[in-house]
Structure formats: structure tokens, C-alpha cells
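Right, one structure below, let's go through it.
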Amino acid sequence: MSKRLDVLTAVRALVKAALPAADVFGLEPGDEAPARISPGGRVVIRTGDMVETDVDLSPVFYWYDHRIPLEFTAPSEEALDAMFVAIGTAVDADRTLGGLCEWIEPTGPMTEDLHVAGGSSPRGGDTAIVASYGTPNPLT
């Protein structure tokens, strides 16, 4: 696997471990988020964008900031906040994703009301994990 995919897989594992009651989707073939929100909430992980920040020339090594978007849906504002806190705590516990990255950092969340039929008032939110890492080849 490429370094990019290794990092994405590690972020997915971090999210699943931090939110064991949540449904976690994205990055796997056939992953489709259901319309119904489970009591533990839902997280969709996107592949994001890699931005080259620097290149070392001897030996050649490419440095990236990889912004990995996370989309949250929760049954309430309190549940959404608890999900954000759990992700923040998990990031604090392993800032290098087990040595895969130089550093990972969450971005501040953006939240919104979601309107659904049936009178419930779920909350949605977006954040991202920015993973800074290097590789000797941008394609591996």
C-alpha cells in the first residue's frame, strides 16, 4: 500500500476506536452511509487532499499536509459534541498515528442543524484531521 492509503487506514482505525458506538463509513469499497442515524452517530471519512509542502533533495523526500475530512451526524448537539471530544482525545493520545506521520492535528469543527422528516433534530458537523508526513516517492 502507499503511504497515503496507510495514513487513511490509520485515521479510519483511530475514528472507529474513538467512537465504538458510531457507524463509520468511507474508504472501503461499497461503503454507503444509511439514511437512518444510529444512536451512536455516524462518521463519513473522505480521502481528502494532499498538499506538497516541501521537497528534500538529497535524498529526495516529499513532505505533505494531507487534509482528511470527517463528516459527523449525531442525534443531538450533546452527542455531536461528545463525538468531537472523543476524536480530539484520540488524536492527543497518538499524534504520529503509530509512527506513520510526523504530526496529526484536528481542525476546528463546523456544525449545522439537519432537517429530517419525523420531527427529530439531528446535528451535523465537519472537521478534518491534517496529517503531516513524508515519502520518498509521491506515488508510493
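Just so we're on the same page: first chain in the C-alpha cells is A, next is B, and so on; residues restart at 1 for each chain, and ligands are numbered from 1 in the order they show up.
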All helix (DSSP H, G or I) residues (DSSP, backbone) inside stretch 22-92 of chain A, as a ChimeraX atom specification: /A:77-92
Same residues, all heavy atoms, output as a tab-separated table (two decimals), in the first residue's frame:
```
chain	number	residue	atom	x	y	z
A	77	GLU	N	-27.13	17.76	19.80
A	77	GLU	CA	-25.94	18.63	19.94
A	77	GLU	C	-24.96	18.04	20.95
A	77	GLU	O	-23.75	18.05	20.74
A	77	GLU	CB	-26.37	20.03	20.38
A	77	GLU	CG	-25.22	21.01	20.51
A	77	GLU	CD	-24.63	21.41	19.17
A	77	GLU	OE1	-25.37	21.49	18.18
A	77	GLU	OE2	-23.41	21.63	19.11
A	78	GLU	N	-25.48	17.49	22.03
A	78	GLU	CA	-24.62	16.90	23.06
A	78	GLU	C	-23.86	15.69	22.52
A	78	GLU	O	-22.68	15.50	22.80
A	78	GLU	CB	-25.44	16.50	24.29
A	78	GLU	CG	-26.03	17.67	25.05
A	78	GLU	CD	-27.29	18.25	24.40
A	78	GLU	OE1	-27.90	17.58	23.51
A	78	GLU	OE2	-27.66	19.38	24.75
A	79	ALA	N	-24.56	14.85	21.73
A	79	ALA	CA	-23.92	13.67	21.15
A	79	ALA	C	-22.84	14.09	20.14
A	79	ALA	O	-21.76	13.50	20.10
A	79	ALA	CB	-24.96	12.77	20.49
A	80	LEU	N	-23.13	15.11	19.35
A	80	LEU	CA	-22.15	15.60	18.38
A	80	LEU	C	-20.92	16.13	19.11
A	80	LEU	O	-19.78	15.81	18.73
A	80	LEU	CB	-22.77	16.69	17.51
A	80	LEU	CG	-21.87	17.29	16.43
A	80	LEU	CD1	-21.48	16.22	15.41
A	80	LEU	CD2	-22.58	18.45	15.74
A	81	ASP	N	-21.13	16.89	20.15
A	81	ASP	CA	-20.01	17.42	20.92
A	81	ASP	C	-19.18	16.29	21.53
A	81	ASP	O	-17.94	16.34	21.52
A	81	ASP	CB	-20.52	18.36	22.01
A	81	ASP	CG	-19.39	19.13	22.66
A	81	ASP	OD1	-18.69	19.87	21.94
A	81	ASP	OD2	-19.19	18.97	23.88
A	82	ALA	N	-19.84	15.27	22.05
A	82	ALA	CA	-19.12	14.12	22.63
A	82	ALA	C	-18.28	13.41	21.57
A	82	ALA	O	-17.17	12.94	21.86
A	82	ALA	CB	-20.11	13.16	23.27
A	83	MET	N	-18.80	13.35	20.35
A	83	MET	CA	-18.03	12.72	19.26
A	83	MET	C	-16.78	13.54	18.95
A	83	MET	O	-15.69	12.98	18.79
A	83	MET	CB	-18.91	12.58	18.01
A	83	MET	CG	-20.04	11.58	18.18
A	83	MET	SD	-21.20	11.59	16.79
A	83	MET	CE	-20.28	10.63	15.58
A	84	PHE	N	-16.91	14.86	18.86
A	84	PHE	CA	-15.75	15.71	18.62
A	84	PHE	C	-14.71	15.56	19.73
A	84	PHE	O	-13.51	15.45	19.46
A	84	PHE	CB	-16.17	17.18	18.51
A	84	PHE	CG	-16.89	17.55	17.24
A	84	PHE	CD1	-17.94	18.45	17.28
A	84	PHE	CD2	-16.52	17.02	16.02
A	84	PHE	CE1	-18.60	18.81	16.12
A	84	PHE	CE2	-17.18	17.37	14.85
A	84	PHE	CZ	-18.22	18.28	14.89
A	85	VAL	N	-15.17	15.56	20.97
A	85	VAL	CA	-14.25	15.42	22.11
A	85	VAL	C	-13.51	14.08	22.04
A	85	VAL	O	-12.30	14.00	22.27
A	85	VAL	CB	-15.00	15.58	23.45
A	85	VAL	CG1	-14.13	15.17	24.63
A	85	VAL	CG2	-15.47	17.02	23.60
A	86	ALA	N	-14.22	13.01	21.71
A	86	ALA	CA	-13.59	11.69	21.62
A	86	ALA	C	-12.52	11.65	20.54
A	86	ALA	O	-11.44	11.07	20.73
A	86	ALA	CB	-14.65	10.62	21.36
A	87	ILE	N	-12.79	12.27	19.39
A	87	ILE	CA	-11.78	12.31	18.33
A	87	ILE	C	-10.58	13.14	18.78
A	87	ILE	O	-9.43	12.75	18.58
A	87	ILE	CB	-12.38	12.88	17.02
A	87	ILE	CG1	-13.46	11.94	16.47
A	87	ILE	CG2	-11.29	13.15	15.98
A	87	ILE	CD1	-12.96	10.58	16.04
A	88	GLY	N	-10.83	14.29	19.40
A	88	GLY	CA	-9.74	15.11	19.90
A	88	GLY	C	-8.86	14.38	20.91
A	88	GLY	O	-7.64	14.48	20.87
A	89	THR	N	-9.50	13.63	21.79
A	89	THR	CA	-8.76	12.86	22.80
A	89	THR	C	-7.92	11.76	22.13
A	89	THR	O	-6.76	11.53	22.50
A	89	THR	CB	-9.74	12.24	23.81
A	89	THR	OG1	-10.46	13.30	24.44
A	89	THR	CG2	-9.01	11.41	24.86
A	90	ALA	N	-8.49	11.10	21.12
A	90	ALA	CA	-7.75	10.06	20.40
A	90	ALA	C	-6.55	10.64	19.65
A	90	ALA	O	-5.47	10.03	19.64
A	90	ALA	CB	-8.68	9.33	19.43
A	91	VAL	N	-6.72	11.79	19.05
A	91	VAL	CA	-5.60	12.45	18.36
A	91	VAL	C	-4.52	12.82	19.37
A	91	VAL	O	-3.33	12.58	19.13
A	91	VAL	CB	-6.10	13.69	17.58
A	91	VAL	CG1	-4.92	14.55	17.12
A	91	VAL	CG2	-6.93	13.26	16.38
A	92	ASP	N	-4.90	13.38	20.51
A	92	ASP	CA	-3.93	13.73	21.54
A	92	ASP	C	-3.13	12.51	22.02
A	92	ASP	O	-1.96	12.63	22.36
A	92	ASP	CB	-4.61	14.38	22.74
A	92	ASP	CG	-5.02	15.81	22.48
A	92	ASP	OD1	-4.52	16.42	21.52
A	92	ASP	OD2	-5.87	16.33	23.25
```
Set out as CSV a contact list for stretch 1-44 of chain A and stretch 97-116 of chain A with a cut-off of 9 Å, giving each residue of stretch 1-44 of chain A that qualifies its closest atom pair and distance in Å to one decimal, counting only C-alpha atoms, ordered by chain and rising residue number.
```
residue,atom,partner,partner_atom,distance
A:Lys3,CA,A:Leu100,CA,8.0
A:Asp6,CA,A:Leu100,CA,7.8
A:Val7,CA,A:Leu100,CA,6.7
A:Ala10,CA,A:Leu97,CA,6.5
A:Val11,CA,A:Leu97,CA,7.6
A:Leu14,CA,A:Leu97,CA,8.2
```
Per-residue DSSP, chain A, filtered to strand (DSSP E or B), as a ChimeraX atom specification: /A:23-25,42-45,49-57,60-74,103-106,110-113,123-135
Nearby residues (only C-alpha atoms) at most 12 Å from A:Val55, same-chain spacing under 3 positions excluded, as a list in words: Val51, Glu52, Ser58, Pro59, Val60, Phe61, Tyr62, Trp63, Tyr64, Tyr133, Gly134, Thr135, Pro136, Asn137 and Pro138 of chain A
Could you dump the residues just selected with N, CA, C and O atoms as a PDB file, in the first residue's frame?
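Wrote it out as again_11.pdb, contents follow:
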```
ATOM      1  N   VAL A  51      -1.368  18.200   0.035  1.00  0.00           N
ATOM      2  CA  VAL A  51      -0.699  19.411  -0.419  1.00  0.00           C
ATOM      3  C   VAL A  51       0.791  19.252  -0.143  1.00  0.00           C
ATOM      4  O   VAL A  51       1.195  19.045   1.003  1.00  0.00           O
ATOM      5  N   GLU A  52       1.585  19.313  -1.211  1.00  0.00           N
ATOM      6  CA  GLU A  52       3.029  19.206  -1.045  1.00  0.00           C
ATOM      7  C   GLU A  52       3.542  20.472  -0.383  1.00  0.00           C
ATOM      8  O   GLU A  52       3.291  21.574  -0.848  1.00  0.00           O
ATOM      9  N   SER A  58      18.335  15.650  -1.138  1.00  0.00           N
ATOM     10  CA  SER A  58      19.394  14.667  -1.012  1.00  0.00           C
ATOM     11  C   SER A  58      19.307  13.947   0.320  1.00  0.00           C
ATOM     12  O   SER A  58      19.783  14.476   1.323  1.00  0.00           O
ATOM     13  N   PRO A  59      18.683  12.796   0.372  1.00  0.00           N
ATOM     14  CA  PRO A  59      17.967  12.123  -0.713  1.00  0.00           C
ATOM     15  C   PRO A  59      16.601  12.779  -0.946  1.00  0.00           C
ATOM     16  O   PRO A  59      16.082  13.491  -0.087  1.00  0.00           O
ATOM     17  N   VAL A  60      16.007  12.506  -2.105  1.00  0.00           N
ATOM     18  CA  VAL A  60      14.707  13.079  -2.448  1.00  0.00           C
ATOM     19  C   VAL A  60      13.649  12.553  -1.489  1.00  0.00           C
ATOM     20  O   VAL A  60      13.530  11.340  -1.269  1.00  0.00           O
ATOM     21  N   PHE A  61      12.909  13.481  -0.892  1.00  0.00           N
ATOM     22  CA  PHE A  61      11.846  13.127   0.050  1.00  0.00           C
ATOM     23  C   PHE A  61      10.782  14.206  -0.056  1.00  0.00           C
ATOM     24  O   PHE A  61      11.088  15.396   0.033  1.00  0.00           O
ATOM     25  N   TYR A  62       9.547  13.810  -0.267  1.00  0.00           N
ATOM     26  CA  TYR A  62       8.426  14.725  -0.450  1.00  0.00           C
ATOM     27  C   TYR A  62       7.631  14.825   0.851  1.00  0.00           C
ATOM     28  O   TYR A  62       7.274  13.804   1.430  1.00  0.00           O
ATOM     29  N   TRP A  63       7.329  16.056   1.278  1.00  0.00           N
ATOM     30  CA  TRP A  63       6.575  16.296   2.506  1.00  0.00           C
ATOM     31  C   TRP A  63       5.188  16.801   2.158  1.00  0.00           C
ATOM     32  O   TRP A  63       5.031  17.668   1.304  1.00  0.00           O
ATOM     33  N   TYR A  64       4.185  16.254   2.841  1.00  0.00           N
ATOM     34  CA  TYR A  64       2.794  16.597   2.554  1.00  0.00           C
ATOM     35  C   TYR A  64       2.037  16.949   3.823  1.00  0.00           C
ATOM     36  O   TYR A  64       2.316  16.422   4.893  1.00  0.00           O
ATOM     37  N   TYR A 133       3.243  14.240   6.780  1.00  0.00           N
ATOM     38  CA  TYR A 133       4.134  13.098   6.629  1.00  0.00           C
ATOM     39  C   TYR A 133       4.950  13.224   5.346  1.00  0.00           C
ATOM     40  O   TYR A 133       4.675  14.056   4.500  1.00  0.00           O
ATOM     41  N   GLY A 134       5.953  12.374   5.236  1.00  0.00           N
ATOM     42  CA  GLY A 134       6.814  12.390   4.075  1.00  0.00           C
ATOM     43  C   GLY A 134       6.926  11.023   3.436  1.00  0.00           C
ATOM     44  O   GLY A 134       6.638  10.005   4.060  1.00  0.00           O
ATOM     45  N   THR A 135       7.367  11.046   2.183  1.00  0.00           N
ATOM     46  CA  THR A 135       7.556   9.801   1.436  1.00  0.00           C
ATOM     47  C   THR A 135       8.641  10.033   0.380  1.00  0.00           C
ATOM     48  O   THR A 135       8.753  11.138  -0.155  1.00  0.00           O
ATOM     49  N   PRO A 136       9.423   9.005   0.058  1.00  0.00           N
ATOM     50  CA  PRO A 136      10.466   9.174  -0.960  1.00  0.00           C
ATOM     51  C   PRO A 136       9.915   9.213  -2.385  1.00  0.00           C
ATOM     52  O   PRO A 136      10.626   9.577  -3.312  1.00  0.00           O
ATOM     53  N   ASN A 137       8.649   8.858  -2.557  1.00  0.00           N
ATOM     54  CA  ASN A 137       8.044   8.835  -3.883  1.00  0.00           C
ATOM     55  C   ASN A 137       6.569   9.236  -3.735  1.00  0.00           C
ATOM     56  O   ASN A 137       5.846   8.617  -2.957  1.00  0.00           O
ATOM     57  N   PRO A 138       6.095  10.244  -4.452  1.00  0.00           N
ATOM     58  CA  PRO A 138       4.717  10.694  -4.259  1.00  0.00           C
ATOM     59  C   PRO A 138       3.661   9.653  -4.617  1.00  0.00           C
ATOM     60  O   PRO A 138       2.510   9.804  -4.232  1.00  0.00           O
TER      61      PRO A 138
END
```
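With only C-alpha atoms as the atoms that count, the residue of A:Val15, A:Leu5, A:Ile129, A:Pro29 with the shortest distance to A:His66 is A:Ile129.
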Å distance separating atom CA of A:Ala21 from atom CA of A:Val44, one decimal place: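 Pair atom CA of A:Ala21 / atom CA of A:Val44 returns 14.0 Å.
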Atom CA of A:Leu19 to atom CA of A:Asp31, straight-line distance in Å: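 Separation between atom CA of A:Asp31 and atom CA of A:Leu19: 17.6 Å.
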